[in-house]
Amino acid sequence: MPALKDILKNKLTKKELLLLRTSFDAIGTITVMEIPRELVKKQKVIAQAVLSLNKHIQTVAKKHGGHTGKYRTQKLTLLAGKRTKITEHKESGLRMKLNVETCYFSPRLVTERLRIASLVKPGENILVMFSGIAPYPLVLAKHSPARHITGIEMNPAAHRYATENIALNKLTSKITLYKGNARTVVPTLSKKFDRIIMPLPKTGEQFLDIAVEKIKNGGTIHLYQFAQEGTFAQAEQSTLQQCTALGKKCTILRTVKAGQHAPRQFRICIDVVVR
């Protein structure tokens, strides 16, 4: 298969080819890419080239900046192909519908979601805060021996797709979803959990206090954060200090890289046992 730069070598200057971003996210039939401002005049030419690279891709969209707002969504402009922002993404034998503009979703976490599933012991009750369109609940329900998974999501659009997705995959008996702010919903839950997943790296640690109150003795919390390369130890120490301040004894099992967020900056997951 020809590379993107090969297709565009006669349509962009050498300087423009150097600025071209050749990595992008494919979410279902939609490719979401970044166009440097120097290449805006050529963005539709670039989008058509991306479209021609993969017959599976039907739409090419351009993102504007990072994820913003309380729902961590991203403004997109359609550049080529079908005029839609709704797609169905396939991951680990599961089908997930979503609107790529109104719902946060990262296809880059496929390996990480399976990693968490591989750690689950038979009969676990699991809580997923900030569950989005339900990728973690779905993967855990299908690929782990968990008894039940509870998901909480405050974005009404993502919650609506999550409800549709668990029905689409015939997993309604293993997953319960709540729409609302985790800080409000979690304290109302009657049971404690064997495992709690907190996949909100930007501000997730701000919810650690309600997580430790709902984790069983000896249970595991998976706390996601953004951290610069070389600062993972500081992130671990900060987590331990928070646990101590909350009156809990915590042990770090491991810290893993769960994808690169920016140059030298990674999404990390700190696996913490709470006693």
# chains A, B, ... in the order shown; residues from 1 in each chain; ligands from 1
>>> residues_around(residues="segment 64-70 of chain A", least_positions_apart="4", cutoff="9 Å", atoms="only C-alpha atoms", output="count of residues only")
9
>>> closest_atom_pairs(of="segment 206-273 of chain A", to="segment 126-149 of chain A", cutoff="10 Å", atoms="only C-alpha atoms", output="JSON lines")
{"residue": "A:Phe207", "atom": "CA", "partner": "A:Met129", "partner_atom": "CA", "distance": 9.2}
{"residue": "A:Ala211", "atom": "CA", "partner": "A:Met129", "partner_atom": "CA", "distance": 9.0}
{"residue": "A:Lys214", "atom": "CA", "partner": "A:Leu127", "partner_atom": "CA", "distance": 9.0}
{"residue": "A:Ile215", "atom": "CA", "partner": "A:Leu127", "partner_atom": "CA", "distance": 9.0}
{"residue": "A:Gly219", "atom": "CA", "partner": "A:Ile126", "partner_atom": "CA", "distance": 9.9}
{"residue": "A:Thr220", "atom": "CA", "partner": "A:Ile126", "partner_atom": "CA", "distance": 9.7}
{"residue": "A:Ile221", "atom": "CA", "partner": "A:Leu127", "partner_atom": "CA", "distance": 9.5}
{"residue": "A:His222", "atom": "CA", "partner": "A:Val128", "partner_atom": "CA", "distance": 9.6}
>>> closest_residue(among="A:Ala162, A:Val212, A:Leu51, A:Ile252", to="Ala26 of chain A", atoms="only C-alpha atoms")
A:Leu51
>>> residues_around(residues="segment 42-50 of chain A", least_positions_apart="4", cutoff="6 Å", atoms="only C-alpha atoms", output="ChimeraX atom specification")
/A:60,79-80
>>> select_by_dssp(residues="segment 82-237 of chain A", states="strand (DSSP E)", output="PyMOL selection string")
chain A and resi 86-91+94-99+125-129+148-153+175-179+193-198+215-228
>>> residues_around(residues="Met96 of chain A", least_positions_apart="4", cutoff="10 Å", atoms="only C-alpha atoms", output="PyMOL selection string")
chain A and resi 27-28+87-91+133-135+138+161-162+164-166+168-169
>>> select_by_dssp(residues="segment 60-174 of chain A", states="helix (DSSP H, G or I)", output="ChimeraX atom specification")
/A:107-119,135-143,156-168
>>> atom_distance(atom1="atom CA of Cys243 of chain A", atom2="atom CA of Arg113 of chain A")
24.5 Å
>>> closest_residue(among="A:Leu177, A:Glu101, A:Lys192, A:Tyr71", to="Glu124 of chain A", atoms="only C-alpha atoms")
A:Lys192
>>> residues_around(residues="Gln265 of chain A", least_positions_apart="2", cutoff="12 Å", atoms="only C-alpha atoms", output="list in words")
Pro201, Gln225, Phe226, Ala227, Gln228, Glu229, Gly230, Thr231, Phe232, Lys257, Ala258, Gly259, Gln260, His261, Ala262, Pro263, Arg267 and Ile268 of chain A
>>> write_last_selection(atoms="N, CA and C atoms", output="PDB file, in the first residue's frame")
ATOM      1  N   PRO A 201      -7.622  10.868  32.519  1.00  0.00           N
ATOM      2  CA  PRO A 201      -6.262  11.228  32.940  1.00  0.00           C
ATOM      3  C   PRO A 201      -6.051  12.676  33.322  1.00  0.00           C
ATOM      4  N   GLN A 225      -3.444   9.029  34.508  1.00  0.00           N
ATOM      5  CA  GLN A 225      -2.946  10.393  34.580  1.00  0.00           C
ATOM      6  C   GLN A 225      -2.108  10.686  33.340  1.00  0.00           C
ATOM      7  N   PHE A 226      -1.855  11.978  33.095  1.00  0.00           N
ATOM      8  CA  PHE A 226      -0.858  12.381  32.118  1.00  0.00           C
ATOM      9  C   PHE A 226       0.423  12.693  32.890  1.00  0.00           C
ATOM     10  N   ALA A 227       1.547  12.217  32.377  1.00  0.00           N
ATOM     11  CA  ALA A 227       2.816  12.470  33.068  1.00  0.00           C
ATOM     12  C   ALA A 227       3.948  12.588  32.055  1.00  0.00           C
ATOM     13  N   GLN A 228       4.840  13.521  32.319  1.00  0.00           N
ATOM     14  CA  GLN A 228       6.026  13.674  31.484  1.00  0.00           C
ATOM     15  C   GLN A 228       6.961  12.488  31.701  1.00  0.00           C
ATOM     16  N   GLU A 229       7.680  12.114  30.661  1.00  0.00           N
ATOM     17  CA  GLU A 229       8.673  11.050  30.788  1.00  0.00           C
ATOM     18  C   GLU A 229       9.668  11.415  31.888  1.00  0.00           C
ATOM     19  N   GLY A 230       9.942  10.475  32.764  1.00  0.00           N
ATOM     20  CA  GLY A 230      10.865  10.726  33.856  1.00  0.00           C
ATOM     21  C   GLY A 230      10.205  11.199  35.135  1.00  0.00           C
ATOM     22  N   THR A 231       8.876  11.398  35.102  1.00  0.00           N
ATOM     23  CA  THR A 231       8.172  11.880  36.306  1.00  0.00           C
ATOM     24  C   THR A 231       7.171  10.853  36.840  1.00  0.00           C
ATOM     25  N   PHE A 232       7.250   9.619  36.382  1.00  0.00           N
ATOM     26  CA  PHE A 232       6.281   8.612  36.810  1.00  0.00           C
ATOM     27  C   PHE A 232       6.385   8.359  38.325  1.00  0.00           C
ATOM     28  N   LYS A 257       2.659   2.525  30.811  1.00  0.00           N
ATOM     29  CA  LYS A 257       2.356   3.497  29.771  1.00  0.00           C
ATOM     30  C   LYS A 257       1.133   3.011  29.005  1.00  0.00           C
ATOM     31  N   ALA A 258       0.150   3.897  28.832  1.00  0.00           N
ATOM     32  CA  ALA A 258      -1.069   3.538  28.101  1.00  0.00           C
ATOM     33  C   ALA A 258      -1.244   4.436  26.888  1.00  0.00           C
ATOM     34  N   GLY A 259      -0.116   4.791  26.278  1.00  0.00           N
ATOM     35  CA  GLY A 259      -0.169   5.619  25.073  1.00  0.00           C
ATOM     36  C   GLY A 259       0.517   6.954  25.260  1.00  0.00           C
ATOM     37  N   GLN A 260       1.013   7.489  24.161  1.00  0.00           N
ATOM     38  CA  GLN A 260       1.681   8.788  24.191  1.00  0.00           C
ATOM     39  C   GLN A 260       0.678   9.890  23.898  1.00  0.00           C
ATOM     40  N   HIS A 261       0.686  10.918  24.746  1.00  0.00           N
ATOM     41  CA  HIS A 261      -0.266  12.020  24.623  1.00  0.00           C
ATOM     42  C   HIS A 261       0.317  13.182  23.825  1.00  0.00           C
ATOM     43  N   ALA A 262       1.602  13.421  24.006  1.00  0.00           N
ATOM     44  CA  ALA A 262       2.324  14.511  23.340  1.00  0.00           C
ATOM     45  C   ALA A 262       3.806  14.149  23.418  1.00  0.00           C
ATOM     46  N   PRO A 263       4.684  14.913  22.746  1.00  0.00           N
ATOM     47  CA  PRO A 263       6.105  14.600  22.845  1.00  0.00           C
ATOM     48  C   PRO A 263       6.580  14.512  24.297  1.00  0.00           C
ATOM     49  N   ARG A 267       0.115   9.018  28.658  1.00  0.00           N
ATOM     50  CA  ARG A 267      -1.000   8.605  29.496  1.00  0.00           C
ATOM     51  C   ARG A 267      -0.508   7.397  30.264  1.00  0.00           C
ATOM     52  N   ILE A 268      -0.536   7.469  31.582  1.00  0.00           N
ATOM     53  CA  ILE A 268      -0.085   6.341  32.390  1.00  0.00           C
ATOM     54  C   ILE A 268      -1.242   5.814  33.229  1.00  0.00           C
TER      55      ILE A 268
END
>>> residues_around(residues="Ile270 of chain A", least_positions_apart="4", cutoff="7 Å", atoms="only C-alpha atoms", output="ChimeraX atom specification")
/A:222-224,254-256
>>> closest_residue(among="A:Leu8, A:Ile152, A:Ala233, A:Val274", to="Cys250 of chain A", atoms="only C-alpha atoms")
A:Val274
>>> atom_distance(atom1="atom CA of Arg275 of chain A", atom2="atom CA of Lys248 of chain A")
6.3 Å
>>> decode(residues="segment 205-251 of chain A", atoms="N, CA and C atoms", output="mmCIF file, in the first residue's frame")
data_model
loop_
_atom_site.group_PDB
_atom_site.id
_atom_site.type_symbol
_atom_site.label_atom_id
_atom_site.label_comp_id
_atom_site.auth_asym_id
_atom_site.auth_seq_id
_atom_site.Cartn_x
_atom_site.Cartn_y
_atom_site.Cartn_z
ATOM 1 N N GLU A 205 -7.640 12.109 39.237
ATOM 2 C CA GLU A 205 -7.159 11.998 40.618
ATOM 3 C C GLU A 205 -7.997 12.826 41.587
ATOM 4 N N GLN A 206 -8.754 13.795 41.070
ATOM 5 C CA GLN A 206 -9.617 14.601 41.931
ATOM 6 C C GLN A 206 -10.790 13.791 42.483
ATOM 7 N N PHE A 207 -11.015 12.605 41.924
ATOM 8 C CA PHE A 207 -12.111 11.744 42.365
ATOM 9 C C PHE A 207 -11.613 10.559 43.189
ATOM 10 N N LEU A 208 -10.324 10.577 43.547
ATOM 11 C CA LEU A 208 -9.766 9.452 44.283
ATOM 12 C C LEU A 208 -10.424 9.270 45.643
ATOM 13 N N ASP A 209 -10.867 10.368 46.245
ATOM 14 C CA ASP A 209 -11.492 10.274 47.570
ATOM 15 C C ASP A 209 -12.764 9.428 47.546
ATOM 16 N N ILE A 210 -13.601 9.586 46.511
ATOM 17 C CA ILE A 210 -14.832 8.787 46.471
ATOM 18 C C ILE A 210 -14.538 7.364 46.013
ATOM 19 N N ALA A 211 -13.441 7.190 45.277
ATOM 20 C CA ALA A 211 -13.077 5.835 44.841
ATOM 21 C C ALA A 211 -12.632 4.984 46.027
ATOM 22 N N VAL A 212 -11.780 5.536 46.892
ATOM 23 C CA VAL A 212 -11.271 4.736 48.014
ATOM 24 C C VAL A 212 -12.378 4.391 49.008
ATOM 25 N N GLU A 213 -13.452 5.162 49.012
ATOM 26 C CA GLU A 213 -14.576 4.853 49.900
ATOM 27 C C GLU A 213 -15.413 3.700 49.368
ATOM 28 N N LYS A 214 -15.311 3.423 48.071
ATOM 29 C CA LYS A 214 -16.138 2.374 47.465
ATOM 30 C C LYS A 214 -15.340 1.149 47.033
ATOM 31 N N ILE A 215 -14.048 1.116 47.358
ATOM 32 C CA ILE A 215 -13.242 -0.048 47.013
ATOM 33 C C ILE A 215 -13.205 -0.998 48.212
ATOM 34 N N LYS A 216 -13.307 -2.272 47.943
ATOM 35 C CA LYS A 216 -13.213 -3.265 49.010
ATOM 36 C C LYS A 216 -11.790 -3.316 49.561
ATOM 37 N N ASN A 217 -11.650 -3.800 50.772
ATOM 38 C CA ASN A 217 -10.323 -3.975 51.347
ATOM 39 C C ASN A 217 -9.524 -4.953 50.476
ATOM 40 N N GLY A 218 -8.383 -4.500 49.999
ATOM 41 C CA GLY A 218 -7.576 -5.331 49.114
ATOM 42 C C GLY A 218 -7.930 -5.181 47.651
ATOM 43 N N GLY A 219 -8.875 -4.300 47.345
ATOM 44 C CA GLY A 219 -9.279 -4.074 45.961
ATOM 45 C C GLY A 219 -8.287 -3.200 45.211
ATOM 46 N N THR A 220 -8.438 -3.141 43.900
ATOM 47 C CA THR A 220 -7.495 -2.414 43.048
ATOM 48 C C THR A 220 -8.172 -1.246 42.344
ATOM 49 N N ILE A 221 -7.501 -0.104 42.364
ATOM 50 C CA ILE A 221 -7.929 1.069 41.604
ATOM 51 C C ILE A 221 -6.933 1.287 40.467
ATOM 52 N N HIS A 222 -7.457 1.512 39.269
ATOM 53 C CA HIS A 222 -6.620 1.844 38.114
ATOM 54 C C HIS A 222 -6.809 3.333 37.831
ATOM 55 N N LEU A 223 -5.821 4.123 38.201
ATOM 56 C CA LEU A 223 -5.897 5.578 38.112
ATOM 57 C C LEU A 223 -5.063 6.062 36.929
ATOM 58 N N TYR A 224 -5.709 6.733 35.997
ATOM 59 C CA TYR A 224 -5.021 7.234 34.797
ATOM 60 C C TYR A 224 -4.636 8.691 34.989
ATOM 61 N N GLN A 225 -3.444 9.029 34.508
ATOM 62 C CA GLN A 225 -2.946 10.393 34.580
ATOM 63 C C GLN A 225 -2.108 10.686 33.340
ATOM 64 N N PHE A 226 -1.855 11.978 33.095
ATOM 65 C CA PHE A 226 -0.858 12.381 32.118
ATOM 66 C C PHE A 226 0.423 12.693 32.890
ATOM 67 N N ALA A 227 1.547 12.217 32.377
ATOM 68 C CA ALA A 227 2.816 12.470 33.068
ATOM 69 C C ALA A 227 3.948 12.588 32.055
ATOM 70 N N GLN A 228 4.840 13.521 32.319
ATOM 71 C CA GLN A 228 6.026 13.674 31.484
ATOM 72 C C GLN A 228 6.961 12.488 31.701
ATOM 73 N N GLU A 229 7.680 12.114 30.661
ATOM 74 C CA GLU A 229 8.673 11.050 30.788
ATOM 75 C C GLU A 229 9.668 11.415 31.888
ATOM 76 N N GLY A 230 9.942 10.475 32.764
ATOM 77 C CA GLY A 230 10.865 10.726 33.856
ATOM 78 C C GLY A 230 10.205 11.199 35.135
ATOM 79 N N THR A 231 8.876 11.398 35.102
ATOM 80 C CA THR A 231 8.172 11.880 36.306
ATOM 81 C C THR A 231 7.171 10.853 36.840
ATOM 82 N N PHE A 232 7.250 9.619 36.382
ATOM 83 C CA PHE A 232 6.281 8.612 36.810
ATOM 84 C C PHE A 232 6.385 8.359 38.325
ATOM 85 N N ALA A 233 7.605 8.383 38.861
ATOM 86 C CA ALA A 233 7.802 8.147 40.291
ATOM 87 C C ALA A 233 7.115 9.233 41.120
ATOM 88 N N GLN A 234 7.174 10.461 40.618
ATOM 89 C CA GLN A 234 6.501 11.557 41.329
ATOM 90 C C GLN A 234 4.985 11.371 41.312
ATOM 91 N N ALA A 235 4.454 10.884 40.185
ATOM 92 C CA ALA A 235 3.015 10.623 40.093
ATOM 93 C C ALA A 235 2.609 9.534 41.078
ATOM 94 N N GLU A 236 3.434 8.501 41.200
ATOM 95 C CA GLU A 236 3.160 7.433 42.163
ATOM 96 C C GLU A 236 3.177 7.970 43.587
ATOM 97 N N GLN A 237 4.189 8.787 43.894
ATOM 98 C CA GLN A 237 4.306 9.338 45.248
ATOM 99 C C GLN A 237 3.123 10.224 45.588
ATOM 100 N N SER A 238 2.670 11.017 44.614
ATOM 101 C CA SER A 238 1.508 11.873 44.834
ATOM 102 C C SER A 238 0.267 11.042 45.146
ATOM 103 N N THR A 239 0.106 9.926 44.428
ATOM 104 C CA THR A 239 -1.039 9.042 44.667
ATOM 105 C C THR A 239 -0.981 8.448 46.067
ATOM 106 N N LEU A 240 0.194 7.994 46.487
ATOM 107 C CA LEU A 240 0.345 7.429 47.829
ATOM 108 C C LEU A 240 0.059 8.482 48.907
ATOM 109 N N GLN A 241 0.495 9.712 48.671
ATOM 110 C CA GLN A 241 0.238 10.782 49.638
ATOM 111 C C GLN A 241 -1.249 11.079 49.749
ATOM 112 N N GLN A 242 -1.946 11.052 48.608
ATOM 113 C CA GLN A 242 -3.393 11.253 48.629
ATOM 114 C C GLN A 242 -4.075 10.158 49.433
ATOM 115 N N CYS A 243 -3.659 8.926 49.225
ATOM 116 C CA CYS A 243 -4.245 7.799 49.964
ATOM 117 C C CYS A 243 -4.034 7.971 51.463
ATOM 118 N N THR A 244 -2.823 8.351 51.847
ATOM 119 C CA THR A 244 -2.515 8.554 53.258
ATOM 120 C C THR A 244 -3.382 9.650 53.852
ATOM 121 N N ALA A 245 -3.547 10.738 53.102
ATOM 122 C CA ALA A 245 -4.387 11.855 53.570
ATOM 123 C C ALA A 245 -5.838 11.432 53.723
ATOM 124 N N LEU A 246 -6.251 10.425 52.953
ATOM 125 C CA LEU A 246 -7.628 9.922 53.020
ATOM 126 C C LEU A 246 -7.779 8.803 54.050
ATOM 127 N N GLY A 247 -6.704 8.519 54.773
ATOM 128 C CA GLY A 247 -6.755 7.508 55.818
ATOM 129 C C GLY A 247 -6.678 6.083 55.306
ATOM 130 N N LYS A 248 -6.115 5.905 54.112
ATOM 131 C CA LYS A 248 -6.011 4.578 53.508
ATOM 132 C C LYS A 248 -4.550 4.197 53.296
ATOM 133 N N LYS A 249 -4.288 2.898 53.403
ATOM 134 C CA LYS A 249 -2.960 2.390 53.099
ATOM 135 C C LYS A 249 -2.968 1.846 51.680
ATOM 136 N N CYS A 250 -2.143 2.403 50.831
ATOM 137 C CA CYS A 250 -2.117 2.007 49.419
ATOM 138 C C CYS A 250 -0.748 1.456 49.043
ATOM 139 N N THR A 251 -0.776 0.510 48.117
ATOM 140 C CA THR A 251 0.449 -0.065 47.570
ATOM 141 C C THR A 251 0.390 0.028 46.050
#
